[in-house]
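Novice: To be precise about what I am sending: the file is called upload_12.csv and holds CSV, C-alpha atoms.
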```
chain,number,residue,atom,x,y,z
K,25,MET,CA,-69.1,83.5,25.3
K,26,THR,CA,-71.0,83.6,22.0
K,27,CYS,CA,-74.5,82.5,21.3
K,28,ALA,CA,-74.9,78.8,20.4
K,29,VAL,CA,-76.9,79.6,17.3
K,30,HIS,CA,-75.6,83.0,16.2
K,31,THR,CA,-71.9,82.5,16.8
K,32,ASP,CA,-71.0,86.1,15.9
K,33,ARG,CA,-73.0,87.6,18.7
K,34,GLU,CA,-72.3,87.8,22.4
K,35,ALA,CA,-74.4,85.6,24.7
K,36,THR,CA,-76.4,87.6,27.2
K,37,GLY,CA,-77.9,84.6,29.1
K,38,TYR,CA,-78.0,80.8,29.5
K,39,CYS,CA,-80.9,78.4,29.1
K,40,ARG,CA,-82.1,77.4,32.6
K,41,ASN,CA,-82.8,73.8,31.3
K,42,CYS,CA,-79.9,72.9,29.1
K,43,GLY,CA,-77.3,75.6,29.7
K,44,LYS,CA,-77.0,76.7,26.1
K,45,ALA,CA,-75.6,80.2,25.6
K,46,LEU,CA,-78.3,82.6,24.2
K,47,CYS,CA,-78.1,86.0,22.5
K,48,PRO,CA,-81.1,88.4,23.0
K,49,GLU,CA,-82.8,87.0,19.9
K,50,CYS,CA,-82.7,83.4,21.0
K,51,THR,CA,-83.7,84.1,24.6
K,52,ARG,CA,-87.1,83.1,25.7
K,53,GLU,CA,-88.1,84.4,29.0
K,54,VAL,CA,-90.8,82.8,31.1
K,55,ARG,CA,-91.6,84.3,34.6
K,56,GLY,CA,-88.1,85.8,34.8
K,57,ALA,CA,-86.2,82.6,33.8
K,58,LEU,CA,-84.4,82.3,30.5
K,59,TYR,CA,-84.9,79.3,28.3
K,60,CYS,CA,-83.9,78.3,24.7
K,61,GLU,CA,-86.5,77.6,22.1
K,62,ASP,CA,-85.6,74.0,21.8
K,63,CYS,CA,-86.2,73.2,25.5
K,64,LEU,CA,-89.5,75.0,25.5
K,65,ALA,CA,-90.7,73.2,22.3
K,66,ASN,CA,-89.6,69.9,23.7
K,67,VAL,CA,-91.5,70.3,27.0
K,68,LEU,CA,-94.6,71.6,25.3
K,69,ALA,CA,-94.8,69.4,22.3
K,70,GLY,CA,-93.0,66.3,23.3
K,71,PRO,CA,-94.5,63.4,25.3
K,72,LEU,CA,-95.7,64.9,28.6
K,73,GLY,CA,-92.6,66.4,30.1
K,74,PRO,CA,-92.2,66.4,33.9
K,75,ALA,CA,-93.0,70.1,34.2
K,76,ARG,CA,-96.2,69.7,32.2
K,77,ALA,CA,-97.2,66.6,34.2
K,78,ALA,CA,-96.7,68.4,37.4
K,79,ALA,CA,-99.0,71.2,36.2
K,80,CYS,CA,-101.7,68.7,35.2
K,81,ALA,CA,-101.5,66.6,38.3
K,82,ARG,CA,-104.6,66.3,40.5
K,83,LYS,CA,-104.6,65.8,44.3
K,84,ASP,CA,-108.3,64.9,44.5
K,85,VAL,CA,-108.0,61.7,42.5
K,86,ASN,CA,-107.6,58.6,44.6
K,87,PRO,CA,-106.5,55.5,42.6
K,88,GLY,CA,-107.3,53.1,45.5
K,89,LEU,CA,-110.9,54.4,45.6
K,90,ALA,CA,-111.0,54.1,41.8
K,91,ALA,CA,-109.9,50.4,42.0
K,92,THR,CA,-112.5,49.7,44.7
K,93,VAL,CA,-115.5,51.2,43.0
K,94,GLY,CA,-114.1,49.6,39.8
K,95,PHE,CA,-115.5,46.3,41.0
K,96,ILE,CA,-119.0,47.6,40.3
K,97,PRO,CA,-119.2,47.4,36.5
K,98,GLY,CA,-118.9,50.9,35.1
K,99,LEU,CA,-118.4,52.8,38.3
K,100,GLY,CA,-114.6,52.9,38.1
K,101,ALA,CA,-114.9,54.6,34.7
K,102,VAL,CA,-117.5,57.0,36.0
K,103,TYR,CA,-115.1,57.9,38.9
K,104,ASN,CA,-112.6,58.8,36.2
K,105,GLY,CA,-115.1,60.8,34.2
K,106,GLU,CA,-115.0,58.3,31.3
K,107,TYR,CA,-118.8,58.0,30.9
K,108,VAL,CA,-118.9,56.3,27.5
K,109,LYS,CA,-116.4,53.7,28.7
K,110,ALA,CA,-118.7,53.2,31.7
K,111,LEU,CA,-121.6,52.5,29.4
K,112,ILE,CA,-119.6,50.1,27.3
K,113,GLN,CA,-118.4,48.3,30.4
K,114,VAL,CA,-122.0,47.9,31.6
K,115,LEU,CA,-123.0,46.6,28.2
K,116,VAL,CA,-120.2,44.1,28.0
K,117,PHE,CA,-120.7,42.9,31.5
K,118,GLY,CA,-124.4,42.5,31.1
K,119,GLY,CA,-124.0,40.9,27.7
K,120,LEU,CA,-121.4,38.4,29.0
K,121,ILE,CA,-123.7,37.4,31.9
K,122,ALA,CA,-126.7,37.0,29.5
K,123,GLY,CA,-124.5,35.0,27.1
K,124,VAL,CA,-123.3,32.6,29.8
K,125,SER,CA,-126.9,32.0,30.9
K,126,SER,CA,-128.3,31.6,27.4
K,127,ASP,CA,-128.8,28.6,25.1
K,128,MET,CA,-125.7,29.1,23.0
K,129,PRO,CA,-123.7,26.0,22.1
K,130,SER,CA,-121.5,25.1,25.1
K,131,GLY,CA,-118.2,25.9,23.5
K,132,TYR,CA,-119.2,29.6,23.3
K,133,ILE,CA,-120.5,29.6,26.8
K,134,ALA,CA,-117.2,28.3,28.1
K,135,PHE,CA,-115.4,31.0,26.2
K,136,LEU,CA,-117.7,33.7,27.5
K,137,GLY,CA,-117.3,32.4,31.0
K,138,ILE,CA,-113.6,32.9,30.8
K,139,ALA,CA,-114.1,36.2,29.2
K,140,LEU,CA,-116.4,37.2,32.0
K,141,GLY,CA,-113.7,36.4,34.6
K,142,CYS,CA,-111.0,38.3,32.7
K,143,PHE,CA,-113.3,41.3,32.1
K,144,TYR,CA,-114.3,41.5,35.8
K,145,CYS,CA,-110.6,41.6,36.8
K,146,TYR,CA,-109.8,44.1,34.0
K,147,MET,CA,-112.3,46.7,35.2
K,148,PRO,CA,-110.8,47.6,38.6
K,149,ILE,CA,-107.3,47.4,37.2
K,150,ASP,CA,-108.1,49.8,34.4
K,151,SER,CA,-109.8,52.2,36.8
K,152,TYR,CA,-106.8,52.2,39.0
K,153,ARG,CA,-104.4,52.8,36.0
K,154,VAL,CA,-106.4,55.7,34.6
K,155,ALA,CA,-106.8,57.2,38.1
K,156,LYS,CA,-103.1,56.9,38.8
K,157,ALA,CA,-102.3,58.6,35.5
K,158,ARG,CA,-104.7,61.4,36.2
K,159,GLN,CA,-103.3,61.9,39.7
K,160,LEU,CA,-99.7,62.2,38.3
K,161,GLY,CA,-100.7,64.4,35.3
K,162,HIS,CA,-99.7,61.8,32.8
K,163,ALA,CA,-101.5,61.0,29.6
K,164,GLU,CA,-104.4,58.6,30.4
K,165,PRO,CA,-103.9,55.1,29.1
K,166,GLY,CA,-106.1,54.7,26.0
K,167,SER,CA,-106.5,58.4,25.4
K,168,ILE,CA,-105.8,59.7,21.9
K,169,VAL,CA,-102.5,61.3,23.0
K,170,GLU,CA,-101.0,58.1,24.3
K,171,ALA,CA,-98.5,55.7,22.7
K,172,LYS,CA,-98.5,55.9,18.9
K,173,GLY,CA,-97.7,52.2,18.5
K,174,ALA,CA,-100.3,50.8,20.8
K,175,ARG,CA,-102.7,48.5,19.0
K,176,PRO,CA,-106.5,49.0,19.7
K,177,ILE,CA,-106.9,45.5,21.2
K,178,GLY,CA,-110.0,46.5,23.2
K,179,ALA,CA,-111.6,47.7,20.0
K,180,PHE,CA,-111.2,44.4,18.3
K,181,VAL,CA,-112.5,42.5,21.3
K,182,LEU,CA,-115.6,44.8,21.4
K,183,ILE,CA,-116.3,44.1,17.7
K,184,LEU,CA,-115.8,40.4,18.2
K,185,LEU,CA,-118.1,40.2,21.2
K,186,GLY,CA,-120.7,42.4,19.4
K,187,VAL,CA,-120.7,40.1,16.3
K,188,LEU,CA,-120.9,37.0,18.5
K,189,PHE,CA,-123.9,38.3,20.5
K,190,LEU,CA,-125.6,39.6,17.4
K,191,LEU,CA,-125.3,36.2,15.6
K,192,SER,CA,-126.5,34.5,18.7
K,193,ASN,CA,-129.5,36.7,19.0
K,194,PHE,CA,-130.6,35.9,15.5
K,195,GLY,CA,-130.0,32.2,16.0
K,196,LEU,CA,-127.2,32.1,13.4
K,197,LEU,CA,-124.4,30.8,15.8
K,198,GLN,CA,-123.3,27.3,14.9
K,199,ALA,CA,-121.8,25.0,17.5
K,200,ASP,CA,-119.0,23.7,15.3
K,201,TRP,CA,-117.7,27.1,14.2
K,202,PHE,CA,-116.2,27.4,17.6
K,203,GLU,CA,-115.6,23.7,18.4
K,204,LYS,CA,-113.8,23.0,15.1
K,205,GLY,CA,-112.6,26.5,14.4
K,206,TRP,CA,-110.9,27.8,17.6
K,207,PRO,CA,-107.4,26.6,16.5
K,208,VAL,CA,-107.8,28.7,13.4
K,209,GLY,CA,-108.2,31.6,15.8
K,210,LEU,CA,-104.9,30.8,17.4
K,211,ILE,CA,-103.1,30.6,14.0
K,212,ALA,CA,-104.7,33.8,12.8
K,213,LEU,CA,-103.6,35.6,16.0
K,214,GLY,CA,-100.0,34.3,15.7
K,215,GLY,CA,-99.9,35.4,12.1
K,216,TRP,CA,-101.2,38.8,12.8
K,217,ILE,CA,-98.7,39.4,15.6
K,218,ILE,CA,-95.9,38.4,13.2
K,219,TRP,CA,-97.2,40.7,10.4
K,220,ASP,CA,-97.7,43.5,12.8
K,221,ARG,CA,-94.2,43.3,14.2
K,222,THR,CA,-92.6,43.2,10.8
K,223,ARG,CA,-94.7,46.2,9.8
K,224,ARG,CA,-93.4,48.5,12.5
K,225,THR,CA,-90.2,50.5,12.0
Y,13,MET,CA,-117.3,58.5,20.8
Y,14,GLY,CA,-120.0,60.0,23.0
Y,15,PRO,CA,-122.0,61.6,20.1
Y,16,VAL,CA,-121.6,58.5,18.0
Y,17,MET,CA,-123.1,56.3,20.9
Y,18,LEU,CA,-126.0,58.8,21.2
Y,19,ILE,CA,-126.7,58.5,17.5
Y,20,THR,CA,-126.5,54.7,17.7
Y,21,ILE,CA,-128.8,54.5,20.7
Y,22,GLY,CA,-131.3,56.8,18.9
Y,23,ALA,CA,-131.1,54.7,15.7
Y,24,LEU,CA,-131.6,51.6,17.7
Y,25,PHE,CA,-134.9,52.9,19.2
Y,26,LEU,CA,-136.0,54.1,15.7
Y,27,PHE,CA,-135.4,50.5,14.5
Y,28,ARG,CA,-137.5,49.2,17.3
Y,29,GLU,CA,-140.2,51.6,16.3
Y,30,TYR,CA,-140.3,51.0,12.6
Y,31,THR,CA,-139.1,47.4,12.1
Y,32,ARG,CA,-139.8,44.1,13.8
Y,33,PHE,CA,-136.4,44.0,15.6
Y,34,SER,CA,-136.2,44.6,19.3
Y,35,ILE,CA,-133.5,46.1,21.5
Y,36,GLY,CA,-133.1,42.7,23.0
Y,37,GLU,CA,-131.9,41.5,19.6
Y,38,LEU,CA,-130.0,44.5,18.4
Y,39,TRP,CA,-128.1,45.8,21.4
Y,40,PRO,CA,-124.8,44.2,20.3
Y,41,VAL,CA,-124.7,46.8,17.6
Y,42,LEU,CA,-123.7,49.2,20.4
Y,43,LEU,CA,-120.5,47.1,21.1
Y,44,ILE,CA,-119.7,46.9,17.4
Y,45,VAL,CA,-120.1,50.6,16.8
Y,46,ALA,CA,-117.9,51.4,19.9
Y,47,GLY,CA,-115.3,49.0,18.6
Y,48,ILE,CA,-115.3,50.6,15.1
Y,49,VAL,CA,-115.0,54.1,16.6
Y,50,LEU,CA,-112.0,53.0,18.7
Y,51,VAL,CA,-110.3,51.5,15.7
Y,52,ALA,CA,-110.9,54.7,13.8
Y,53,GLN,CA,-109.4,56.7,16.7
Y,54,ALA,CA,-106.3,54.5,16.8
Y,55,MET,CA,-105.7,54.7,13.0
Y,56,ALA,CA,-106.3,58.4,12.8
Y,57,SER,CA,-103.4,60.7,12.0
Y,58,ARG,CA,-101.7,62.3,15.0
Y,59,GLU,CA,-100.1,65.1,13.0
Y,60,GLY,CA,-100.3,68.4,14.7
Y,61,HIS,CA,-101.6,66.8,18.0
Y,62,ILE,CA,-99.8,68.0,21.1
Y,63,GLY,CA,-98.0,65.2,22.8
Y,64,SER,CA,-97.7,63.0,19.8
```
Kindly transcribe the structure held in the file into structure tokens.
Specialist:
Amino acid sequence: MTCAVHTDREATGYCRNCGKALCPECTREVRGALYCEDCLANVLAGPLGPARAAACARKDVNPGLAATVGFIPGLGAVYNGEYVKALIQVLVFGGLIAGVSSDMPSGYIAFLGIALGCFYCYMPIDSYRVAKARQLGHAEPGSIVEAKGARPIGAFVLILLGVLFLLSNFGLLQADWFEKGWPVGLIALGGWIIWDRTRRT
Amino acid sequence: MGPVMLITIGALFLFREYTRFSIGELWPVLLIVAGIVLVAQAMASREGHIGS
């Protein structure tokens, strides 16, 4: 049988992964097993291959525990070693509580109340997902390596909340911005989703 | 993200020291800065990064 790449040379081995015939120049040997360059490149450079995931997996991570401590704001992220995320979760949680008990116009307080409920559910779920990914050796959700196409929704929410609280702190928050303006928010969101989908290949 | 937050916290305390603003008024800046950094991370090029 001749090499798959150099068709004029005899094959001296076969790739363990894909079975391609390999001449001595194409053979890549790892711990006594023969592989072709393509398979090695795919496993190392592609989205986390199963072999790489198994090497990165951790037995000491308990996703159930992560979810449980995740009910205490920030602790789930601390369990997973995401300290800045923990800080941000504490800030957001504290800010939402303060906002709900402040003298903002009632429309905003209603919105913040719902946001508080959603956020409190989000924290243990996120801790669980990240811990699960760490346990299996997969890319952590939200890490830089993860999905290319993922939109940074959390980032926009953070900026929105920050601007909201800042305006409120300086007394610049008007009641009717929210009460009259919330449908504009829905329209803008729908428009952005359409634009974003037509933008992607 | 970590260093950026440290710088922001430091800047916040400096502001408290030299201007009339307090942490109680300016703390949302931390959220805004975190959001900006996350957006920058999402928009950054992934060329050459393993796993992309």
Novice: Which residue is closest to chain K? Choose from Y:Ile35, Y:Phe27, Y:Ile19, Y:Gly47 and count only C-alpha atoms.
Specialist: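 The shortest atom-to-atom distance to chain K comes from Y:Gly47.
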Novice: May I ask which of the residues Y:Leu43, Y:Met55, Y:Leu24, Y:Val16 is the closest one to chain K, counting all atoms listed in the file?
Specialist: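 With all atoms listed in the file as the atom set, the closest residue is Y:Leu43.
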Novice: What residues in chain Y lie within 10 Å of chain K, counting all atoms listed in the file, written as an NGL selection string?
Specialist: :Y and (13-15 or 17-18 or 33 or 36-58 or 60-64)
Novice: Neighbouring residues of stretch 29-40 of chain K were defined as those with any atom within 8 Å, considering only C-alpha atoms; residues of the same chain fewer than 4 positions away were excluded. Please report them as a list in words.
Specialist: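 Once the nearby chain positions are removed, what remains is Met25, Lys44, Ala45, Leu46, Cys47, Pro48, Cys50, Thr51, Ala57, Leu58, Tyr59 and Cys60 of chain K.
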Novice: Quick one: distance from atom CA of K:Phe117 to atom CA of K:Phe143 in Å, one decimal?
Specialist: 7.6 Å
Novice: Excluding stretch 85-88 of chain K and any residue of its chain fewer than 5 positions from it, enumerate the residues within 12 Å of it, using all atoms listed in the file, and give them as a list of chain:residue names.
Specialist: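 The neighbour list is K:Cys80, K:Val93, K:Gly94, K:Phe95, K:Gly100, K:Ala101, K:Tyr103, K:Asn104, K:Gly105, K:Pro148, K:Ile149, K:Asp150, K:Ser151, K:Tyr152, K:Arg153, K:Val154, K:Ala155, K:Lys156, K:Ala157, K:Arg158, K:Gln159, K:Leu160, K:Gly161.
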Novice: What does the structure give for the distance between atom CA of K:Gly118 and atom CA of K:Pro97, in Å to one decimal?
Specialist: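 Computed distance, atom CA of K:Gly118 to atom CA of K:Pro97, equals 9.0 Å.
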Novice: Rounded to one decimal, what separation in Å do you get between atom CA of K:Pro207 and atom CA of K:Met147?
Specialist: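 Interatomic distance, atom CA of K:Pro207 to atom CA of K:Met147: 27.9 Å.
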Novice: Smallest atom-to-atom distance to K:Ile121: which of K:Ala134, K:Glu61, K:Ala90, K:Leu140, using all atoms listed in the file?
Specialist: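 Smallest separation from K:Ile121 among the options: K:Leu140.
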